[in-house]
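Single-structure report; data block below.
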Amino acid sequence: MSEEQAMGQQAANRQAEGPAPLAGITVIEFTHMVMGPSVGVILGDLGADVIKVEPPEGDRTRTLLGSGSGYFPMFNRNKRSICLDLKNPGDVAHAQALCATADVVIENFRPGTLARLGLGYERLSRDNPGLIYCSAKGFLKGPYEERTALDEVTQMMGGLAYMTGPPGRPLRAGASVIDITGGMFGVIGILAALEQRHRTGKGAEIKCSLYETTAFLVGQHIAQKAVTGAAARPMPVRISAWAIYDVFETASEGEQLFVGVVSDGQWKTFCADFGLTMLAERSEWDTNNERVKAREEIMPVVSALFRAMPRAELIAKLEKSGLPFAPIAKPEELVEDAHLNAGGGLLNVTLADGTVARLPALPLEIDGMRPGLFRDLPRPDEHGPELRAHLGEKLAGN
């Protein structure tokens with residue numbers, strides 16, 4: 001670990017020792033894959049005591065291959081683990097006892113599954129009327145409610161894949177954006193219900209979903225059709241709102257750079273700083289919409305300029321100008337990113353084989369502090385013995 005990384009980790013550890021906004025909130029999590037665990041990891045990062053209930057052999061997400069191999073380590077820090085067989089009445093009784101004094105339950109099983117096991121909202125809220133029960137599903141109420149859904153399924157049917165790929169080639173986004181964003185909406189619902197409980201003393205049943213999340217994310221494109229009368233075109237062939245808003249080649253082979261010039265003031269700055277006098281002198285291009293119409297004239301000039309300059313030189317000039325820009329990066333390169341390493345933006349978690357991975361922290365600051373690591377990734381049933389002992393005492397007391 002570099003000195004910069006070590007300093008960043010020290011900052012994260014210091015922050016983890018600070019006040020936690022959700023300290024004292026207990027969450028029971030019956031989840032797997034991404035959407036449900038993303039609800040739990042956000043609550044856990046904010047200080048809630050998240051108890052992950054896994055099957056006897058452990059969450060199968062732990063052993064996924066390929067693109068699924070990063071799911072468990074990314075979305076299951078700051079949790080305790082207990083393994084229970086929910087087909088076993090004794091273990092179901094333990095699960096019910098866990099939920100009896102919990103503040104929040106999260107689940108992402110198929111509709112009706114936990115209810116049939118005696119772990120649905122109606123059953124649990126009888127014993128715990130203040131319980132907030134969050135179900136992460138594929139769909140909310142409607143004709144599709146019973147369908148099985150995945151992130152990719154709803155990206156396809158919700159218009160996001162159509163907007164991402166070129167015409168005729170729908171393409172899912174390059175991360176589990178619907179699972180994660182859907183989970184974020186679940187957290188929003190839980191926090192709203194916690195605030196409501198402060199006033200009423202009553203819990204609530206929350207449902208978040210993949211399909212409706214996708215619809216919300218493409219809402220800007222639906223609105224575009226309503227405003228303009230023309231359907232939004234896929235992003236690779238869209239008519240941009242700005243003349244310069246693109247990825248450019250540079251003199252450094254393989255080192256591309258995104259640049260955006262999104263206001264009339266930025267246009268003047270851009271032309272001045274890059275010596276584009278011939279463009280700046282075109283007074284008809286002083287306004288954004290006229291520049292968009294002239295994009296085919298403007299872009300070749302800018303592209304040729306950038307292809308003649310090394311990316312490092314371009315970045316230095318753009319940063320000094322205060323213009324929006326971004327070097328095109330690969331995910332694994334972020335581990336060495338100076339900004340993320342500076343203030344606890346990456347957390348050290350220990351993988352099953354003992355390898356330490358540096359993974360992104362919650363993208364928040366609260367009173368200037370980043371939520372940190374309270375608990376490393378749990379081993380299957382790591383906290384089961386202590387939790388069962390406590391549950392045994394509770395059940396015996398009843």
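Please note that chains go A, B, ... in the order of the structure tokens, that every chain numbers its residues from 1, and that ligands are numbered from 1 in the order shown.
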Sorted by chain and rising residue number, list the residues of segment 3-101 of chain A at most 10 Å from segment 129-143 of chain A (counting only C-alpha atoms), each with its closest atom pair and distance in Å to one decimal, as JSON lines.
```
{"residue": "A:Val27", "atom": "CA", "partner": "A:Ile132", "partner_atom": "CA", "distance": 9.3}
{"residue": "A:Ile28", "atom": "CA", "partner": "A:Tyr133", "partner_atom": "CA", "distance": 9.5}
{"residue": "A:Glu29", "atom": "CA", "partner": "A:Cys134", "partner_atom": "CA", "distance": 9.5}
{"residue": "A:Phe30", "atom": "CA", "partner": "A:Ser135", "partner_atom": "CA", "distance": 9.7}
{"residue": "A:Thr31", "atom": "CA", "partner": "A:Ala136", "partner_atom": "CA", "distance": 8.9}
{"residue": "A:Met35", "atom": "CA", "partner": "A:Ala136", "partner_atom": "CA", "distance": 6.8}
{"residue": "A:Gly36", "atom": "CA", "partner": "A:Ala136", "partner_atom": "CA", "distance": 6.0}
{"residue": "A:Pro37", "atom": "CA", "partner": "A:Ala136", "partner_atom": "CA", "distance": 9.7}
{"residue": "A:Val39", "atom": "CA", "partner": "A:Ala136", "partner_atom": "CA", "distance": 8.7}
{"residue": "A:Cys99", "atom": "CA", "partner": "A:Leu131", "partner_atom": "CA", "distance": 8.2}
{"residue": "A:Ala100", "atom": "CA", "partner": "A:Leu131", "partner_atom": "CA", "distance": 8.2}
{"residue": "A:Thr101", "atom": "CA", "partner": "A:Leu131", "partner_atom": "CA", "distance": 8.2}
```
With N, CA, C and O atoms retained, export the selected residues as a PDB file, in the first residue's frame.
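Saved as part_38.pdb:
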```pdb
ATOM      1  N   VAL A  27     -31.146  -4.008  11.746  1.00  0.00           N
ATOM      2  CA  VAL A  27     -31.676  -4.410  10.449  1.00  0.00           C
ATOM      3  C   VAL A  27     -31.450  -5.909  10.271  1.00  0.00           C
ATOM      4  O   VAL A  27     -30.335  -6.399  10.470  1.00  0.00           O
ATOM      5  N   ILE A  28     -32.499  -6.639   9.909  1.00  0.00           N
ATOM      6  CA  ILE A  28     -32.375  -8.056   9.574  1.00  0.00           C
ATOM      7  C   ILE A  28     -32.507  -8.172   8.063  1.00  0.00           C
ATOM      8  O   ILE A  28     -33.477  -7.690   7.476  1.00  0.00           O
ATOM      9  N   GLU A  29     -31.530  -8.820   7.456  1.00  0.00           N
ATOM     10  CA  GLU A  29     -31.457  -8.847   5.989  1.00  0.00           C
ATOM     11  C   GLU A  29     -31.569 -10.274   5.458  1.00  0.00           C
ATOM     12  O   GLU A  29     -30.710 -11.114   5.712  1.00  0.00           O
ATOM     13  N   PHE A  30     -32.658 -10.539   4.705  1.00  0.00           N
ATOM     14  CA  PHE A  30     -32.835 -11.814   4.005  1.00  0.00           C
ATOM     15  C   PHE A  30     -32.637 -11.539   2.517  1.00  0.00           C
ATOM     16  O   PHE A  30     -33.596 -11.345   1.771  1.00  0.00           O
ATOM     17  N   THR A  31     -31.396 -11.459   2.067  1.00  0.00           N
ATOM     18  CA  THR A  31     -31.156 -11.035   0.690  1.00  0.00           C
ATOM     19  C   THR A  31     -29.995 -11.783   0.060  1.00  0.00           C
ATOM     20  O   THR A  31     -29.218 -12.461   0.736  1.00  0.00           O
ATOM     21  N   MET A  35     -29.469  -6.132  -5.421  1.00  0.00           N
ATOM     22  CA  MET A  35     -30.430  -5.108  -5.019  1.00  0.00           C
ATOM     23  C   MET A  35     -30.679  -5.101  -3.507  1.00  0.00           C
ATOM     24  O   MET A  35     -30.559  -4.061  -2.843  1.00  0.00           O
ATOM     25  N   GLY A  36     -31.020  -6.262  -2.946  1.00  0.00           N
ATOM     26  CA  GLY A  36     -31.262  -6.326  -1.505  1.00  0.00           C
ATOM     27  C   GLY A  36     -30.028  -6.002  -0.692  1.00  0.00           C
ATOM     28  O   GLY A  36     -30.077  -5.171   0.228  1.00  0.00           O
ATOM     29  N   PRO A  37     -28.871  -6.647  -0.997  1.00  0.00           N
ATOM     30  CA  PRO A  37     -27.662  -6.310  -0.249  1.00  0.00           C
ATOM     31  C   PRO A  37     -27.254  -4.844  -0.351  1.00  0.00           C
ATOM     32  O   PRO A  37     -26.637  -4.307   0.572  1.00  0.00           O
ATOM     33  N   VAL A  39     -29.264  -2.315  -0.295  1.00  0.00           N
ATOM     34  CA  VAL A  39     -30.027  -1.632   0.758  1.00  0.00           C
ATOM     35  C   VAL A  39     -29.295  -1.801   2.084  1.00  0.00           C
ATOM     36  O   VAL A  39     -29.072  -0.831   2.823  1.00  0.00           O
ATOM     37  N   CYS A  99     -36.415 -10.843  14.180  1.00  0.00           N
ATOM     38  CA  CYS A  99     -37.246  -9.754  13.634  1.00  0.00           C
ATOM     39  C   CYS A  99     -38.148  -9.117  14.686  1.00  0.00           C
ATOM     40  O   CYS A  99     -38.625  -7.994  14.483  1.00  0.00           O
ATOM     41  N   ALA A 100     -38.377  -9.830  15.795  1.00  0.00           N
ATOM     42  CA  ALA A 100     -39.338  -9.350  16.788  1.00  0.00           C
ATOM     43  C   ALA A 100     -38.913  -8.042  17.437  1.00  0.00           C
ATOM     44  O   ALA A 100     -39.760  -7.252  17.883  1.00  0.00           O
ATOM     45  N   THR A 101     -37.607  -7.811  17.518  1.00  0.00           N
ATOM     46  CA  THR A 101     -37.135  -6.565  18.141  1.00  0.00           C
ATOM     47  C   THR A 101     -36.348  -5.706  17.152  1.00  0.00           C
ATOM     48  O   THR A 101     -35.705  -4.737  17.554  1.00  0.00           O
TER      49      THR A 101
END
```
Selection near segment 54-70 of chain A, 9 Å with only C-alpha atoms, sequence-local residues under 5 positions removed, as an NGL selection string: :A and (29-34 or 75 or 81-86 or 352 or 379-381)
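Distances here use only C-alpha atoms; by that measure, the residue among A:Trp285, A:Val105, A:Leu98, A:Tyr71 closest to Leu387 of chain A is A:Leu98.
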For the strand (DSSP E or B) assignment from backbone DSSP, which residues of segment 36-129 of chain A qualify? Please present them as a count of residues only. 15
Can you list, as a compact mmCIF listing (two decimals) with N, CA, C and O atoms, in the first residue's frame, every residue of segment 190-324 of chain A that DSSP puts in helix (DSSP H, G or I)?
```txt
# COMPACT_ATOMS: atom_id res chain seq x y z
N ILE A 190 -37.12 3.47 3.52
CA ILE A 190 -36.89 3.07 4.91
C ILE A 190 -36.67 4.30 5.80
O ILE A 190 -37.24 4.42 6.89
N LEU A 191 -35.83 5.22 5.33
CA LEU A 191 -35.55 6.42 6.14
C LEU A 191 -36.81 7.27 6.31
O LEU A 191 -37.04 7.84 7.38
N ALA A 192 -37.64 7.33 5.25
CA ALA A 192 -38.90 8.07 5.37
C ALA A 192 -39.82 7.40 6.40
O ALA A 192 -40.47 8.08 7.21
N ALA A 193 -39.85 6.06 6.37
CA ALA A 193 -40.70 5.33 7.32
C ALA A 193 -40.19 5.47 8.75
O ALA A 193 -40.98 5.52 9.70
N LEU A 194 -38.85 5.51 8.92
CA LEU A 194 -38.31 5.74 10.26
C LEU A 194 -38.73 7.10 10.80
O LEU A 194 -39.09 7.24 11.98
N GLU A 195 -38.68 8.11 9.94
CA GLU A 195 -39.11 9.45 10.37
C GLU A 195 -40.61 9.46 10.69
O GLU A 195 -41.05 10.05 11.68
N GLN A 196 -41.39 8.77 9.86
CA GLN A 196 -42.84 8.69 10.13
C GLN A 196 -43.10 7.98 11.45
O GLN A 196 -44.01 8.35 12.20
N ARG A 197 -42.31 6.95 11.75
CA ARG A 197 -42.48 6.20 13.00
C ARG A 197 -42.23 7.08 14.22
O ARG A 197 -42.82 6.86 15.28
N HIS A 198 -41.33 8.05 14.05
CA HIS A 198 -41.11 8.98 15.17
C HIS A 198 -42.39 9.70 15.56
O HIS A 198 -42.61 10.03 16.72
N ARG A 199 -43.25 9.95 14.58
CA ARG A 199 -44.49 10.69 14.84
C ARG A 199 -45.65 9.78 15.21
O ARG A 199 -46.49 10.15 16.02
N THR A 200 -45.71 8.59 14.61
CA THR A 200 -46.89 7.73 14.78
C THR A 200 -46.64 6.52 15.65
O THR A 200 -47.59 5.91 16.16
N LEU A 210 -37.21 -2.89 -9.51
CA LEU A 210 -36.30 -2.68 -10.63
C LEU A 210 -36.98 -1.95 -11.79
O LEU A 210 -36.43 -0.99 -12.35
N TYR A 211 -38.16 -2.41 -12.18
CA TYR A 211 -38.79 -1.87 -13.38
C TYR A 211 -39.17 -0.40 -13.22
O TYR A 211 -38.86 0.44 -14.07
N GLU A 212 -39.81 -0.08 -12.11
CA GLU A 212 -40.20 1.31 -11.89
C GLU A 212 -38.99 2.22 -11.70
O GLU A 212 -39.03 3.40 -12.07
N THR A 213 -37.91 1.67 -11.15
CA THR A 213 -36.66 2.44 -11.06
C THR A 213 -36.14 2.76 -12.46
O THR A 213 -35.71 3.89 -12.73
N THR A 214 -36.18 1.78 -13.35
CA THR A 214 -35.73 2.01 -14.72
C THR A 214 -36.59 3.08 -15.38
O THR A 214 -36.06 3.98 -16.06
N ALA A 215 -37.90 2.99 -15.20
CA ALA A 215 -38.79 4.00 -15.78
C ALA A 215 -38.45 5.40 -15.27
O ALA A 215 -38.45 6.37 -16.03
N PHE A 216 -38.14 5.49 -13.98
CA PHE A 216 -37.78 6.80 -13.41
C PHE A 216 -36.51 7.33 -14.06
O PHE A 216 -36.40 8.52 -14.38
N LEU A 217 -35.53 6.44 -14.28
CA LEU A 217 -34.25 6.88 -14.84
C LEU A 217 -34.38 7.33 -16.30
O LEU A 217 -33.61 8.19 -16.74
N GLY A 219 -37.04 8.73 -17.42
CA GLY A 219 -38.09 9.74 -17.45
C GLY A 219 -37.72 10.99 -18.23
O GLY A 219 -38.57 11.62 -18.86
N GLN A 220 -36.43 11.35 -18.21
CA GLN A 220 -36.01 12.55 -18.95
C GLN A 220 -36.23 12.36 -20.45
O GLN A 220 -36.54 13.32 -21.16
N HIS A 221 -36.09 11.12 -20.93
CA HIS A 221 -36.30 10.85 -22.34
C HIS A 221 -37.79 10.82 -22.70
O HIS A 221 -38.19 11.25 -23.78
N ILE A 222 -38.60 10.33 -21.77
CA ILE A 222 -40.05 10.39 -21.96
C ILE A 222 -40.50 11.85 -22.02
O ILE A 222 -41.30 12.25 -22.86
N ALA A 223 -39.93 12.66 -21.12
CA ALA A 223 -40.26 14.09 -21.10
C ALA A 223 -39.81 14.79 -22.36
O ALA A 223 -40.47 15.71 -22.86
N GLN A 224 -38.65 14.36 -22.89
CA GLN A 224 -38.16 14.96 -24.14
C GLN A 224 -39.17 14.80 -25.26
O GLN A 224 -39.44 15.73 -26.03
N LYS A 225 -39.77 13.61 -25.36
CA LYS A 225 -40.78 13.37 -26.40
C LYS A 225 -41.99 14.28 -26.17
O LYS A 225 -42.55 14.85 -27.12
N ALA A 226 -42.39 14.44 -24.90
CA ALA A 226 -43.54 15.29 -24.59
C ALA A 226 -43.26 16.75 -24.95
O ALA A 226 -44.14 17.47 -25.44
N VAL A 227 -42.03 17.19 -24.72
CA VAL A 227 -41.67 18.59 -24.97
C VAL A 227 -41.47 18.88 -26.45
O VAL A 227 -41.94 19.89 -26.99
N THR A 228 -40.76 17.98 -27.13
CA THR A 228 -40.35 18.26 -28.50
C THR A 228 -41.23 17.60 -29.56
O THR A 228 -41.18 17.98 -30.73
N MET A 235 -28.33 7.16 -27.10
CA MET A 235 -27.28 8.10 -26.74
C MET A 235 -26.14 8.16 -27.76
O MET A 235 -25.61 9.24 -28.04
N PRO A 236 -25.71 7.03 -28.36
CA PRO A 236 -24.60 7.14 -29.32
C PRO A 236 -24.92 7.98 -30.56
O PRO A 236 -24.00 8.44 -31.23
N VAL A 237 -26.22 8.17 -30.87
CA VAL A 237 -26.58 8.95 -32.06
C VAL A 237 -27.49 10.12 -31.71
O VAL A 237 -28.14 10.69 -32.58
N ASP A 264 -22.33 29.47 -22.54
CA ASP A 264 -21.74 30.48 -23.42
C ASP A 264 -20.44 31.02 -22.82
O ASP A 264 -19.48 31.30 -23.55
N GLY A 265 -20.41 31.14 -21.49
CA GLY A 265 -19.17 31.59 -20.84
C GLY A 265 -18.05 30.60 -21.01
O GLY A 265 -16.90 30.97 -21.26
N GLN A 266 -18.36 29.31 -20.89
CA GLN A 266 -17.34 28.29 -21.09
C GLN A 266 -16.82 28.27 -22.52
O GLN A 266 -15.65 28.01 -22.77
N TRP A 267 -17.71 28.55 -23.47
CA TRP A 267 -17.28 28.61 -24.87
C TRP A 267 -16.22 29.68 -25.08
O TRP A 267 -15.20 29.45 -25.72
N LYS A 268 -16.44 30.83 -24.50
CA LYS A 268 -15.48 31.93 -24.64
C LYS A 268 -14.15 31.55 -23.98
O LYS A 268 -13.07 31.81 -24.54
N THR A 269 -14.23 30.94 -22.79
CA THR A 269 -13.01 30.51 -22.10
C THR A 269 -12.27 29.47 -22.92
O THR A 269 -11.03 29.53 -23.07
N PHE A 270 -13.00 28.51 -23.45
CA PHE A 270 -12.41 27.43 -24.23
C PHE A 270 -11.68 27.98 -25.45
O PHE A 270 -10.51 27.63 -25.71
N CYS A 271 -12.33 28.85 -26.20
CA CYS A 271 -11.70 29.42 -27.41
C CYS A 271 -10.47 30.22 -27.06
O CYS A 271 -9.44 30.13 -27.75
N ALA A 272 -10.55 31.00 -25.97
CA ALA A 272 -9.41 31.83 -25.59
C ALA A 272 -8.23 30.99 -25.15
O ALA A 272 -7.08 31.22 -25.57
N ASP A 273 -8.48 29.99 -24.30
CA ASP A 273 -7.39 29.21 -23.72
C ASP A 273 -6.73 28.27 -24.74
O ASP A 273 -5.57 27.90 -24.58
N THR A 277 -9.20 31.35 -32.15
CA THR A 277 -9.68 32.69 -32.51
C THR A 277 -10.69 32.62 -33.64
O THR A 277 -11.71 33.32 -33.62
N MET A 278 -10.44 31.76 -34.61
CA MET A 278 -11.33 31.68 -35.77
C MET A 278 -12.73 31.22 -35.38
O MET A 278 -13.72 31.62 -36.02
N LEU A 279 -12.83 30.42 -34.32
CA LEU A 279 -14.16 30.03 -33.84
C LEU A 279 -14.79 31.14 -33.01
O LEU A 279 -15.99 31.41 -33.13
N ALA A 280 -13.99 31.75 -32.16
CA ALA A 280 -14.51 32.81 -31.30
C ALA A 280 -15.02 33.99 -32.09
O ALA A 280 -15.95 34.69 -31.66
N SER A 283 -19.52 35.39 -34.43
CA SER A 283 -20.45 35.93 -33.44
C SER A 283 -21.77 35.18 -33.41
O SER A 283 -22.45 35.15 -32.37
N GLU A 284 -22.12 34.57 -34.54
CA GLU A 284 -23.38 33.81 -34.55
C GLU A 284 -23.30 32.57 -33.67
O GLU A 284 -24.32 31.96 -33.34
N TRP A 285 -22.07 32.19 -33.28
CA TRP A 285 -21.89 31.03 -32.41
C TRP A 285 -21.76 31.42 -30.94
O TRP A 285 -21.38 30.60 -30.11
N ASN A 288 -25.51 29.02 -27.35
CA ASN A 288 -25.37 27.57 -27.35
C ASN A 288 -26.14 26.90 -28.49
O ASN A 288 -25.60 26.06 -29.20
N ASN A 289 -27.41 27.26 -28.66
CA ASN A 289 -28.21 26.55 -29.66
C ASN A 289 -27.67 26.74 -31.07
O ASN A 289 -27.75 25.83 -31.91
N GLU A 290 -27.09 27.90 -31.35
CA GLU A 290 -26.51 28.12 -32.67
C GLU A 290 -25.25 27.27 -32.85
O GLU A 290 -24.97 26.79 -33.94
N ARG A 291 -24.52 27.08 -31.76
CA ARG A 291 -23.33 26.22 -31.84
C ARG A 291 -23.74 24.76 -32.09
O ARG A 291 -23.07 24.04 -32.82
N VAL A 292 -24.83 24.33 -31.48
CA VAL A 292 -25.31 22.97 -31.70
C VAL A 292 -25.64 22.77 -33.18
O VAL A 292 -25.29 21.74 -33.78
N LYS A 293 -26.27 23.75 -33.78
CA LYS A 293 -26.62 23.65 -35.21
C LYS A 293 -25.36 23.60 -36.08
O LYS A 293 -25.37 23.02 -37.17
N ARG A 295 -22.49 22.18 -35.20
CA ARG A 295 -21.60 21.15 -34.65
C ARG A 295 -20.71 20.52 -35.72
O ARG A 295 -19.53 20.26 -35.49
N GLU A 296 -21.23 20.29 -36.91
CA GLU A 296 -20.43 19.65 -37.96
C GLU A 296 -19.28 20.52 -38.44
O GLU A 296 -18.30 20.01 -39.00
N GLU A 297 -19.38 21.82 -38.23
CA GLU A 297 -18.26 22.72 -38.55
C GLU A 297 -17.27 22.81 -37.40
O GLU A 297 -16.05 22.89 -37.62
N ILE A 298 -17.79 22.81 -36.18
CA ILE A 298 -16.95 23.05 -35.00
C ILE A 298 -16.13 21.81 -34.63
O ILE A 298 -14.92 21.89 -34.36
N MET A 299 -16.77 20.65 -34.64
CA MET A 299 -16.12 19.44 -34.13
C MET A 299 -14.83 19.05 -34.87
O MET A 299 -13.83 18.69 -34.22
N PRO A 300 -14.77 19.12 -36.19
CA PRO A 300 -13.52 18.75 -36.85
C PRO A 300 -12.33 19.61 -36.43
O PRO A 300 -11.20 19.12 -36.30
N VAL A 301 -12.58 20.89 -36.18
CA VAL A 301 -11.50 21.80 -35.76
C VAL A 301 -10.99 21.39 -34.37
O VAL A 301 -9.78 21.29 -34.13
N VAL A 302 -11.93 21.15 -33.46
CA VAL A 302 -11.56 20.78 -32.09
C VAL A 302 -10.90 19.40 -32.06
O VAL A 302 -9.88 19.20 -31.38
N SER A 303 -11.44 18.46 -32.82
CA SER A 303 -10.88 17.11 -32.85
C SER A 303 -9.44 17.12 -33.35
O SER A 303 -8.57 16.44 -32.80
N ALA A 304 -9.17 17.90 -34.39
CA ALA A 304 -7.81 17.99 -34.93
C ALA A 304 -6.86 18.61 -33.92
O ALA A 304 -5.70 18.17 -33.76
N LEU A 305 -7.32 19.62 -33.21
CA LEU A 305 -6.49 20.26 -32.19
C LEU A 305 -6.12 19.26 -31.10
O LEU A 305 -4.95 19.15 -30.70
N PHE A 306 -7.11 18.51 -30.61
CA PHE A 306 -6.86 17.58 -29.51
C PHE A 306 -5.98 16.42 -29.95
O PHE A 306 -5.16 15.92 -29.17
N ARG A 307 -6.12 15.95 -31.20
CA ARG A 307 -5.30 14.84 -31.67
C ARG A 307 -3.82 15.22 -31.77
O ARG A 307 -2.95 14.35 -31.78
N ARG A 311 -2.42 13.87 -23.88
CA ARG A 311 -3.54 13.99 -22.95
C ARG A 311 -3.15 14.74 -21.69
O ARG A 311 -3.92 15.55 -21.17
N ALA A 312 -1.95 14.52 -21.18
CA ALA A 312 -1.52 15.20 -19.95
C ALA A 312 -1.52 16.72 -20.14
O ALA A 312 -1.91 17.47 -19.24
N GLU A 313 -1.09 17.17 -21.31
CA GLU A 313 -1.08 18.61 -21.58
C GLU A 313 -2.50 19.15 -21.66
O GLU A 313 -2.80 20.24 -21.14
N LEU A 314 -3.38 18.41 -22.31
CA LEU A 314 -4.78 18.83 -22.40
C LEU A 314 -5.42 18.92 -21.01
O LEU A 314 -6.12 19.89 -20.69
N ILE A 315 -5.16 17.91 -20.18
CA ILE A 315 -5.73 17.91 -18.83
C ILE A 315 -5.26 19.13 -18.05
O ILE A 315 -6.05 19.79 -17.35
N ALA A 316 -3.98 19.44 -18.15
CA ALA A 316 -3.45 20.60 -17.42
C ALA A 316 -4.14 21.89 -17.86
O ALA A 316 -4.51 22.72 -17.02
N LYS A 317 -4.34 22.05 -19.16
CA LYS A 317 -4.98 23.27 -19.66
C LYS A 317 -6.46 23.32 -19.26
O LYS A 317 -6.97 24.36 -18.84
N LEU A 318 -7.13 22.20 -19.36
CA LEU A 318 -8.56 22.16 -19.04
C LEU A 318 -8.79 22.38 -17.55
O LEU A 318 -9.74 23.06 -17.15
N GLU A 319 -7.93 21.80 -16.72
CA GLU A 319 -8.09 21.99 -15.28
C GLU A 319 -7.87 23.45 -14.91
O GLU A 319 -8.60 24.02 -14.09
N LYS A 320 -6.87 24.09 -15.53
CA LYS A 320 -6.61 25.51 -15.26
C LYS A 320 -7.78 26.38 -15.72
O LYS A 320 -8.12 27.37 -15.08
N SER A 321 -8.42 25.96 -16.82
CA SER A 321 -9.55 26.73 -17.36
C SER A 321 -10.83 26.55 -16.56
O SER A 321 -11.76 27.34 -16.69
```
Find the spatial neighbours of Ala20 of chain A, counting only C-alpha atoms, within a cut-off of 12 Å - ignore same-chain residues fewer than 2 positions away - and output them as a ChimeraX atom specification. /A:14-18,22-25,43-49,365-367,369-374
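Neighbours of segment 162-177 of chain A closer than or equal to 7 Å, with only C-alpha atoms counted and sequence neighbours fewer than 3 positions away skipped, come out as A:Asp151, A:Glu152, A:Gln155, A:Met156, A:Gly159, A:Ile180, A:Thr181, A:Arg233, A:Pro234, A:Met235, A:Pro236, A:Val237.
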